[in-house]
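Okay, structure first, notes after.
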Amino acid sequence: MTDEGKCRKKMFKSVAVLFLALLATSTCKRDRCLEGETHKPRPSPEPDMHECTLYSESSCCYANFTEQLAHSPVIKVSHSSWDRCGELSKSCEEYMKKIECFYRCSPHAAHWINPNYTSGIKLVPLCQNFCDDWYEACKSDLTCVHNWLTDWEWDENGENHCKNECISYDKVYANGTDLCQSMWGDSFKVSDSSCLCLQMNETDAVAIRYLTSESSEESSSVSSSEERACRRKLRKIELRKEEEGVEVFEIL
């Protein structure tokens, strides 16, 4: 990289630091944790996380919780077994981890707190392509439930067991939309927007900025101007990444 390129990269990093500081200032009042048994009272840094490192700067889970997700195949998370129909494929397991990390560790999850169940979430907007990719990753894996929250048989120890035979995901869920909007009950929805939705990766910082804004909270929806602003921001990130080879997380 030339001296000019190094200078520009350094400048982008400085801008990134300023942006993150502004983002933290604008959202810190709303960042809080759900009331689940593994959630912290309030979000705080967890530098030693084994997984879910997307949330290490401000986490609602303790680092030791993520040890359960650190080794593949994942067999059990808390009392819930993931292998009742055999071990998940590596690709399917990665999407399960993303969802688990968001629910357990994200300081933003409580923005979509379920009003009837304060340790749960409701209608978190996921991007269509995320749901489609999740479906593709899992369609050949096996499951015995349609809704992972309600369809198990639970024993006296709180452990889950199949009530029905194991069949492939593509026989349980029609497509990515069905998977996202059924697997965890009404915890998630597929967003009509291609930008104001979550991908469970570094670019979520852009969507979160608008989805948790005061204007969206007051109107219970996101305006077209916010949609356009979100797309412009993501496009700038894509262009900078292409021009400089800078990682997304360095310029968010």
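Letters A, B, ... mark the chains of the structure tokens in the order given; residue numbers begin at 1 per chain; ligand numbers begin at 1, in order shown.
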
Task: DSSP strand (DSSP E) selection over segment 37-249 of chain A, as a PyMOL selection string - done: chain A and resi 39-44+59-61+76-77+80-81+113-114+117-121+124-126+142-143+153-154+160-161+167-168+188-190

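The shell of residues at most 10 Å from Cys60 of chain A, with only C-alpha atoms counted and near chain neighbours (fewer than 6 positions) removed, consists of Asp31, Arg32, Cys33, Leu34, Glu35, Gly36, Thr38, His39, Lys40, Pro41, Arg42, Pro43, Ser44, Pro45, Glu46, Cys101, Phe102, Tyr103, Arg104, Cys105, Ser106, Pro107, His108, Ala109 and Ala110 of chain A.
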
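Around Ser140 of chain A, within 10 Å and counting only C-alpha atoms, the residues found are Leu88, Ser89, Cys92, Tyr135, Glu136, Ala137, Cys138, Leu142, Thr143, Ile167, Ser168, Tyr169, Asp170 and Lys171 of chain A, once anything fewer than 2 positions away on its own chain is removed.
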
Considering only C-alpha atoms, give me a table of residues in segment 156-245 of chain A that are at most 8 Å from segment 125-130 of chain A, with the closest atom pair and distance in Å for each, as a Markdown table.
| residue | atom | partner | partner_atom | distance |
| --- | --- | --- | --- | --- |
| A:Gly176 | CA | A:Gln128 | CA | 7.6 |
| A:Thr177 | CA | A:Gln128 | CA | 7.1 |
| A:Cys180 | CA | A:Leu126 | CA | 7.9 |
| A:Phe188 | CA | A:Pro125 | CA | 6.1 |
| A:Lys189 | CA | A:Pro125 | CA | 5.1 |
| A:Val190 | CA | A:Leu126 | CA | 5.0 |
| A:Ser191 | CA | A:Pro125 | CA | 5.1 |
| A:Asp192 | CA | A:Gln128 | CA | 7.9 |
| A:Ser193 | CA | A:Cys127 | CA | 7.2 |
| A:Ser194 | CA | A:Cys127 | CA | 6.1 |
| A:Cys195 | CA | A:Cys127 | CA | 7.5 |
| A:Leu196 | CA | A:Pro125 | CA | 7.8 |
| A:Cys197 | CA | A:Cys127 | CA | 5.0 |
| A:Leu198 | CA | A:Leu126 | CA | 4.7 |
| A:Gln199 | CA | A:Phe130 | CA | 5.8 |

I need the chosen residues saved as a PDB file, in the first residue's frame, with N, CA, C and O atoms.
ATOM      1  N   GLY A 176     -37.123 -19.463   3.123  1.00  0.00           N
ATOM      2  CA  GLY A 176     -36.430 -18.673   4.135  1.00  0.00           C
ATOM      3  C   GLY A 176     -37.362 -17.820   4.970  1.00  0.00           C
ATOM      4  O   GLY A 176     -37.167 -17.658   6.179  1.00  0.00           O
ATOM      5  N   THR A 177     -38.378 -17.269   4.343  1.00  0.00           N
ATOM      6  CA  THR A 177     -39.348 -16.452   5.076  1.00  0.00           C
ATOM      7  C   THR A 177     -40.064 -17.285   6.130  1.00  0.00           C
ATOM      8  O   THR A 177     -40.217 -16.867   7.286  1.00  0.00           O
ATOM      9  N   CYS A 180     -37.630 -18.087   9.087  1.00  0.00           N
ATOM     10  CA  CYS A 180     -37.374 -16.946   9.978  1.00  0.00           C
ATOM     11  C   CYS A 180     -38.596 -16.578  10.814  1.00  0.00           C
ATOM     12  O   CYS A 180     -38.458 -16.162  11.966  1.00  0.00           O
ATOM     13  N   PHE A 188     -39.020 -13.151  15.264  1.00  0.00           N
ATOM     14  CA  PHE A 188     -38.433 -12.470  14.115  1.00  0.00           C
ATOM     15  C   PHE A 188     -39.476 -12.289  13.013  1.00  0.00           C
ATOM     16  O   PHE A 188     -40.464 -13.017  12.939  1.00  0.00           O
ATOM     17  N   LYS A 189     -39.227 -11.302  12.171  1.00  0.00           N
ATOM     18  CA  LYS A 189     -40.024 -11.106  10.964  1.00  0.00           C
ATOM     19  C   LYS A 189     -39.069 -10.782   9.822  1.00  0.00           C
ATOM     20  O   LYS A 189     -37.938 -10.325  10.045  1.00  0.00           O
ATOM     21  N   VAL A 190     -39.513 -11.034   8.612  1.00  0.00           N
ATOM     22  CA  VAL A 190     -38.722 -10.665   7.442  1.00  0.00           C
ATOM     23  C   VAL A 190     -39.079  -9.235   7.076  1.00  0.00           C
ATOM     24  O   VAL A 190     -40.243  -8.898   6.889  1.00  0.00           O
ATOM     25  N   SER A 191     -38.068  -8.382   6.987  1.00  0.00           N
ATOM     26  CA  SER A 191     -38.286  -6.959   6.721  1.00  0.00           C
ATOM     27  C   SER A 191     -38.574  -6.704   5.248  1.00  0.00           C
ATOM     28  O   SER A 191     -38.056  -7.393   4.362  1.00  0.00           O
ATOM     29  N   ASP A 192     -39.404  -5.701   4.996  1.00  0.00           N
ATOM     30  CA  ASP A 192     -39.649  -5.257   3.618  1.00  0.00           C
ATOM     31  C   ASP A 192     -38.459  -4.470   3.088  1.00  0.00           C
ATOM     32  O   ASP A 192     -38.318  -4.295   1.880  1.00  0.00           O
ATOM     33  N   SER A 193     -37.623  -3.991   3.980  1.00  0.00           N
ATOM     34  CA  SER A 193     -36.459  -3.194   3.598  1.00  0.00           C
ATOM     35  C   SER A 193     -35.259  -4.087   3.359  1.00  0.00           C
ATOM     36  O   SER A 193     -35.099  -5.129   4.000  1.00  0.00           O
ATOM     37  N   SER A 194     -34.398  -3.660   2.456  1.00  0.00           N
ATOM     38  CA  SER A 194     -33.159  -4.395   2.211  1.00  0.00           C
ATOM     39  C   SER A 194     -32.000  -3.808   3.004  1.00  0.00           C
ATOM     40  O   SER A 194     -30.887  -4.321   2.956  1.00  0.00           O
ATOM     41  N   CYS A 195     -32.277  -2.733   3.756  1.00  0.00           N
ATOM     42  CA  CYS A 195     -31.212  -2.059   4.503  1.00  0.00           C
ATOM     43  C   CYS A 195     -31.544  -1.955   5.983  1.00  0.00           C
ATOM     44  O   CYS A 195     -30.699  -2.210   6.835  1.00  0.00           O
ATOM     45  N   LEU A 196     -32.777  -1.592   6.298  1.00  0.00           N
ATOM     46  CA  LEU A 196     -33.192  -1.414   7.684  1.00  0.00           C
ATOM     47  C   LEU A 196     -33.635  -2.755   8.266  1.00  0.00           C
ATOM     48  O   LEU A 196     -34.792  -2.969   8.615  1.00  0.00           O
ATOM     49  N   CYS A 197     -32.674  -3.643   8.316  1.00  0.00           N
ATOM     50  CA  CYS A 197     -32.912  -5.005   8.796  1.00  0.00           C
ATOM     51  C   CYS A 197     -31.571  -5.571   9.241  1.00  0.00           C
ATOM     52  O   CYS A 197     -30.515  -5.002   8.940  1.00  0.00           O
ATOM     53  N   LEU A 198     -31.607  -6.660   9.958  1.00  0.00           N
ATOM     54  CA  LEU A 198     -30.385  -7.208  10.544  1.00  0.00           C
ATOM     55  C   LEU A 198     -29.850  -8.385   9.744  1.00  0.00           C
ATOM     56  O   LEU A 198     -30.589  -9.245   9.278  1.00  0.00           O
ATOM     57  N   GLN A 199     -28.520  -8.390   9.604  1.00  0.00           N
ATOM     58  CA  GLN A 199     -27.802  -9.467   8.936  1.00  0.00           C
ATOM     59  C   GLN A 199     -26.998 -10.297   9.931  1.00  0.00           C
ATOM     60  O   GLN A 199     -26.330 -11.251   9.553  1.00  0.00           O
TER      61      GLN A 199
END

Task: Residues near Trp154 of chain A, cut-off 10 Å, only C-alpha atoms, skip fewer than 5 positions along chain, as a list of chain:residue names - done: A:His79, A:Ser80, A:Glu159, A:Asn160, A:His161, A:Cys162, A:Lys163

May I have the residues from that selection written out with C-alpha atoms, as a short mmCIF file (atom, residue, chain, number, x, y, z; two decimals), in the first residue's frame?
data_model
loop_
_atom_site.label_atom_id
_atom_site.label_comp_id
_atom_site.auth_asym_id
_atom_site.auth_seq_id
_atom_site.Cartn_x
_atom_site.Cartn_y
_atom_site.Cartn_z
CA HIS A 79 -30.87 -26.84 28.75
CA SER A 80 -31.67 -27.00 25.05
CA GLU A 159 -34.51 -30.61 28.68
CA ASN A 160 -36.09 -30.83 25.24
CA HIS A 161 -37.12 -34.03 23.45
CA CYS A 162 -38.78 -34.79 20.13
CA LYS A 163 -42.50 -35.51 19.99
#

- [ ] Mind checking which residues fall within 8 Å of Leu234 of chain A, counting only C-alpha atoms, ignoring those fewer than 2 positions away in the same chain, and posting them as an MDAnalysis selection string?
- [x] chainID A and resid 195 203 206 230:232 236:238

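Interatomic distance, atom CA of Val124 of chain A against atom CA of Met49 of chain A: 24.0 Å.
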
DSSP on the backbone: what in segment 27-240 of chain A comes out alpha helix (DSSP H), as a PDB file with C-alpha atoms, in the first residue's frame?
ATOM      1  CA  THR A  27     -28.109   4.683  21.585  1.00  0.00           C
ATOM      2  CA  LYS A  90     -21.394 -26.709  10.058  1.00  0.00           C
ATOM      3  CA  SER A  91     -23.181 -24.192   7.818  1.00  0.00           C
ATOM      4  CA  CYS A  92     -26.526 -24.594   9.587  1.00  0.00           C
ATOM      5  CA  GLU A  93     -24.876 -24.428  12.997  1.00  0.00           C
ATOM      6  CA  GLU A  94     -23.303 -21.061  12.120  1.00  0.00           C
ATOM      7  CA  TYR A  95     -26.739 -19.506  11.568  1.00  0.00           C
ATOM      8  CA  MET A  96     -28.052 -20.998  14.795  1.00  0.00           C
ATOM      9  CA  LYS A  97     -25.090 -19.412  16.570  1.00  0.00           C
ATOM     10  CA  LYS A  98     -25.836 -16.014  15.042  1.00  0.00           C
ATOM     11  CA  ILE A  99     -29.400 -16.120  16.345  1.00  0.00           C
ATOM     12  CA  GLU A 100     -28.337 -17.399  19.758  1.00  0.00           C
ATOM     13  CA  CYS A 101     -25.647 -14.721  20.052  1.00  0.00           C
ATOM     14  CA  PHE A 102     -28.094 -11.964  19.149  1.00  0.00           C
ATOM     15  CA  TYR A 103     -30.682 -13.109  21.681  1.00  0.00           C
ATOM     16  CA  ARG A 104     -28.230 -13.743  24.509  1.00  0.00           C
ATOM     17  CA  CYS A 105     -25.609 -11.055  23.944  1.00  0.00           C
ATOM     18  CA  GLN A 128     -34.673 -11.341   3.346  1.00  0.00           C
ATOM     19  CA  ASN A 129     -31.312 -12.473   2.008  1.00  0.00           C
ATOM     20  CA  PHE A 130     -30.212 -13.494   5.524  1.00  0.00           C
ATOM     21  CA  CYS A 131     -33.303 -15.688   5.865  1.00  0.00           C
ATOM     22  CA  ASP A 132     -32.859 -17.174   2.386  1.00  0.00           C
ATOM     23  CA  ASP A 133     -29.207 -17.984   3.087  1.00  0.00           C
ATOM     24  CA  TRP A 134     -30.148 -19.497   6.462  1.00  0.00           C
ATOM     25  CA  TYR A 135     -32.678 -21.744   4.723  1.00  0.00           C
ATOM     26  CA  GLU A 136     -30.124 -22.850   2.140  1.00  0.00           C
ATOM     27  CA  ALA A 137     -27.597 -23.618   4.887  1.00  0.00           C
ATOM     28  CA  CYS A 138     -30.050 -25.795   6.841  1.00  0.00           C
ATOM     29  CA  TYR A 169     -35.751 -28.556   7.167  1.00  0.00           C
ATOM     30  CA  ASP A 170     -36.999 -28.184   3.593  1.00  0.00           C
ATOM     31  CA  LYS A 171     -39.977 -30.389   4.490  1.00  0.00           C
ATOM     32  CA  VAL A 172     -40.696 -28.398   7.660  1.00  0.00           C
ATOM     33  CA  GLY A 176     -36.430 -18.673   4.135  1.00  0.00           C
ATOM     34  CA  THR A 177     -39.348 -16.452   5.076  1.00  0.00           C
ATOM     35  CA  ASP A 178     -41.199 -19.351   6.679  1.00  0.00           C
ATOM     36  CA  LEU A 179     -38.087 -20.425   8.583  1.00  0.00           C
ATOM     37  CA  CYS A 180     -37.374 -16.946   9.978  1.00  0.00           C
ATOM     38  CA  GLN A 181     -40.997 -16.280  10.934  1.00  0.00           C
ATOM     39  CA  SER A 182     -41.786 -19.726  12.347  1.00  0.00           C
ATOM     40  CA  ASP A 204     -25.962  -4.167  11.585  1.00  0.00           C
ATOM     41  CA  ALA A 205     -24.435  -1.073  13.215  1.00  0.00           C
ATOM     42  CA  VAL A 206     -25.823   0.991  10.327  1.00  0.00           C
ATOM     43  CA  ALA A 207     -29.335  -0.486  10.485  1.00  0.00           C
ATOM     44  CA  ILE A 208     -29.427  -0.291  14.294  1.00  0.00           C
ATOM     45  CA  ARG A 209     -28.637   3.426  14.114  1.00  0.00           C
ATOM     46  CA  TYR A 210     -31.901   4.054  12.273  1.00  0.00           C
ATOM     47  CA  LEU A 211     -34.054   1.270  13.717  1.00  0.00           C
ATOM     48  CA  GLU A 214     -36.154   8.400  18.396  1.00  0.00           C
ATOM     49  CA  SER A 215     -38.190   9.101  15.268  1.00  0.00           C
ATOM     50  CA  SER A 216     -38.749   5.408  14.554  1.00  0.00           C
ATOM     51  CA  GLU A 217     -39.709   4.797  18.180  1.00  0.00           C
ATOM     52  CA  GLU A 218     -42.236   7.625  18.113  1.00  0.00           C
ATOM     53  CA  SER A 219     -43.819   6.592  14.829  1.00  0.00           C
ATOM     54  CA  SER A 224     -38.527   6.514   3.623  1.00  0.00           C
ATOM     55  CA  SER A 225     -35.901   9.167   4.356  1.00  0.00           C
ATOM     56  CA  GLU A 226     -34.295   6.862   6.928  1.00  0.00           C
ATOM     57  CA  GLU A 227     -34.398   4.044   4.399  1.00  0.00           C
ATOM     58  CA  ARG A 228     -32.568   6.211   1.860  1.00  0.00           C
ATOM     59  CA  ALA A 229     -30.047   7.385   4.457  1.00  0.00           C
ATOM     60  CA  CYS A 230     -29.355   3.799   5.462  1.00  0.00           C
ATOM     61  CA  ARG A 231     -28.775   2.739   1.872  1.00  0.00           C
ATOM     62  CA  ARG A 232     -26.455   5.690   1.219  1.00  0.00           C
ATOM     63  CA  LYS A 233     -24.429   4.817   4.300  1.00  0.00           C
ATOM     64  CA  LEU A 234     -24.071   1.171   3.317  1.00  0.00           C
ATOM     65  CA  ARG A 235     -23.177   2.145  -0.240  1.00  0.00           C
ATOM     66  CA  LYS A 236     -20.409   4.438   1.001  1.00  0.00           C
ATOM     67  CA  ILE A 237     -19.039   1.601   3.097  1.00  0.00           C
ATOM     68  CA  GLU A 238     -19.097  -0.755   0.108  1.00  0.00           C
ATOM     69  CA  LEU A 239     -17.292   1.782  -2.097  1.00  0.00           C
ATOM     70  CA  ARG A 240     -14.622   2.486   0.512  1.00  0.00           C
TER      71      ARG A 240
END

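For the pair atom CA of Leu123 of chain A and atom CA of Gln68 of chain A, the separation is 26.1 Å.
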
Would you mind listing what lies within 8 Å of Leu54 of chain A as a PDB file with all heavy atoms, in the first residue's frame, with only C-alpha atoms counted and same-chain residues fewer than 3 positions away left out?
ATOM      1  N   GLU A  57     -17.898  -5.499  22.605  1.00  0.00           N
ATOM      2  CA  GLU A  57     -17.730  -4.138  23.115  1.00  0.00           C
ATOM      3  C   GLU A  57     -18.848  -3.735  24.073  1.00  0.00           C
ATOM      4  O   GLU A  57     -18.662  -2.900  24.952  1.00  0.00           O
ATOM      5  CB  GLU A  57     -17.676  -3.142  21.955  1.00  0.00           C
ATOM      6  CG  GLU A  57     -16.462  -3.299  21.043  1.00  0.00           C
ATOM      7  CD  GLU A  57     -15.166  -3.045  21.781  1.00  0.00           C
ATOM      8  OE1 GLU A  57     -15.108  -2.085  22.570  1.00  0.00           O
ATOM      9  OE2 GLU A  57     -14.206  -3.816  21.567  1.00  0.00           O
ATOM     10  N   ASN A 201     -24.296  -9.327  11.398  1.00  0.00           N
ATOM     11  CA  ASN A 201     -22.869  -9.099  11.175  1.00  0.00           C
ATOM     12  C   ASN A 201     -22.540  -7.628  11.433  1.00  0.00           C
ATOM     13  O   ASN A 201     -23.374  -6.873  11.953  1.00  0.00           O
ATOM     14  CB  ASN A 201     -22.454  -9.531   9.765  1.00  0.00           C
ATOM     15  CG  ASN A 201     -23.168  -8.756   8.666  1.00  0.00           C
ATOM     16  OD1 ASN A 201     -23.625  -7.630   8.864  1.00  0.00           O
ATOM     17  ND2 ASN A 201     -23.282  -9.346   7.496  1.00  0.00           N
ATOM     18  N   GLU A 202     -21.332  -7.198  11.062  1.00  0.00           N
ATOM     19  CA  GLU A 202     -20.871  -5.853  11.386  1.00  0.00           C
ATOM     20  C   GLU A 202     -21.733  -4.751  10.790  1.00  0.00           C
ATOM     21  O   GLU A 202     -21.832  -3.653  11.350  1.00  0.00           O
ATOM     22  CB  GLU A 202     -19.414  -5.670  10.923  1.00  0.00           C
ATOM     23  CG  GLU A 202     -18.402  -6.511  11.668  1.00  0.00           C
ATOM     24  CD  GLU A 202     -18.241  -7.898  11.072  1.00  0.00           C
ATOM     25  OE1 GLU A 202     -19.005  -8.229  10.124  1.00  0.00           O
ATOM     26  OE2 GLU A 202     -17.373  -8.654  11.547  1.00  0.00           O
TER      27      GLU A 202
END

Open item on the list: Using only C-alpha atoms, which protein or nucleic acid residues come within 12 Å of Leu149 of chain A? Drop anything in the same chain fewer than 6 positions from it, and give the result as an MDAnalysis selection string.
Closed with: chainID A and resid 80 120:121 160 182:187

Create the file for the chosen residues now, containing all heavy atoms and written as a short mmCIF file (atom, residue, chain, number, x, y, z; two decimals), in the first residue's frame.
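Contents of selection.cif, freshly written:
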data_model
loop_
_atom_site.label_atom_id
_atom_site.label_comp_id
_atom_site.auth_asym_id
_atom_site.auth_seq_id
_atom_site.Cartn_x
_atom_site.Cartn_y
_atom_site.Cartn_z
N SER A 80 -31.12 -26.63 26.35
CA SER A 80 -31.67 -27.00 25.05
C SER A 80 -30.64 -27.73 24.19
O SER A 80 -29.58 -27.18 23.87
CB SER A 80 -32.15 -25.74 24.32
OG SER A 80 -32.70 -26.07 23.07
N GLY A 120 -38.13 -12.33 26.40
CA GLY A 120 -38.22 -12.71 25.00
C GLY A 120 -38.21 -11.50 24.07
O GLY A 120 -38.30 -10.35 24.50
N ILE A 121 -38.09 -11.77 22.79
CA ILE A 121 -38.09 -10.72 21.77
C ILE A 121 -39.27 -10.95 20.82
O ILE A 121 -39.83 -12.05 20.76
CB ILE A 121 -36.77 -10.71 20.97
CG1 ILE A 121 -36.44 -12.13 20.46
CG2 ILE A 121 -35.65 -10.15 21.81
CD1 ILE A 121 -35.16 -12.21 19.64
N ASN A 160 -35.18 -30.64 26.37
CA ASN A 160 -36.09 -30.83 25.24
C ASN A 160 -35.95 -32.20 24.59
O ASN A 160 -34.85 -32.73 24.46
CB ASN A 160 -35.86 -29.73 24.20
CG ASN A 160 -34.44 -29.71 23.68
OD1 ASN A 160 -33.48 -29.80 24.44
ND2 ASN A 160 -34.28 -29.60 22.36
N SER A 182 -41.15 -18.61 11.66
CA SER A 182 -41.79 -19.73 12.35
C SER A 182 -40.89 -20.41 13.37
O SER A 182 -41.36 -20.85 14.42
CB SER A 182 -42.24 -20.79 11.33
OG SER A 182 -43.13 -20.26 10.39
N MET A 183 -39.61 -20.51 13.07
CA MET A 183 -38.71 -21.31 13.89
C MET A 183 -38.66 -20.84 15.33
O MET A 183 -38.59 -21.63 16.27
CB MET A 183 -37.31 -21.31 13.29
CG MET A 183 -36.36 -22.28 13.95
SD MET A 183 -34.80 -22.37 13.05
CE MET A 183 -33.98 -23.67 13.96
N TRP A 184 -38.69 -19.51 15.54
CA TRP A 184 -38.67 -18.94 16.89
C TRP A 184 -39.97 -18.20 17.18
O TRP A 184 -39.96 -17.13 17.79
CB TRP A 184 -37.46 -18.02 17.05
CG TRP A 184 -36.16 -18.76 16.87
CD1 TRP A 184 -35.31 -18.67 15.80
CD2 TRP A 184 -35.58 -19.72 17.75
NE1 TRP A 184 -34.25 -19.52 15.97
CE2 TRP A 184 -34.38 -20.18 17.16
CE3 TRP A 184 -35.97 -20.25 18.99
CZ2 TRP A 184 -33.55 -21.13 17.76
CZ3 TRP A 184 -35.14 -21.20 19.59
CH2 TRP A 184 -33.96 -21.63 18.98
N GLY A 185 -41.08 -18.77 16.74
CA GLY A 185 -42.38 -18.15 16.96
C GLY A 185 -42.43 -16.79 16.29
O GLY A 185 -42.06 -16.63 15.13
N ASP A 186 -42.88 -15.77 17.04
CA ASP A 186 -42.96 -14.43 16.48
C ASP A 186 -41.76 -13.57 16.90
O ASP A 186 -41.82 -12.35 16.89
CB ASP A 186 -44.27 -13.74 16.87
CG ASP A 186 -44.43 -13.58 18.38
OD1 ASP A 186 -43.53 -14.01 19.14
OD2 ASP A 186 -45.47 -13.03 18.81
N SER A 187 -40.65 -14.23 17.24
CA SER A 187 -39.46 -13.48 17.64
C SER A 187 -38.89 -12.64 16.50
O SER A 187 -38.35 -11.56 16.72
CB SER A 187 -38.36 -14.44 18.14
OG SER A 187 -38.79 -15.15 19.28
#
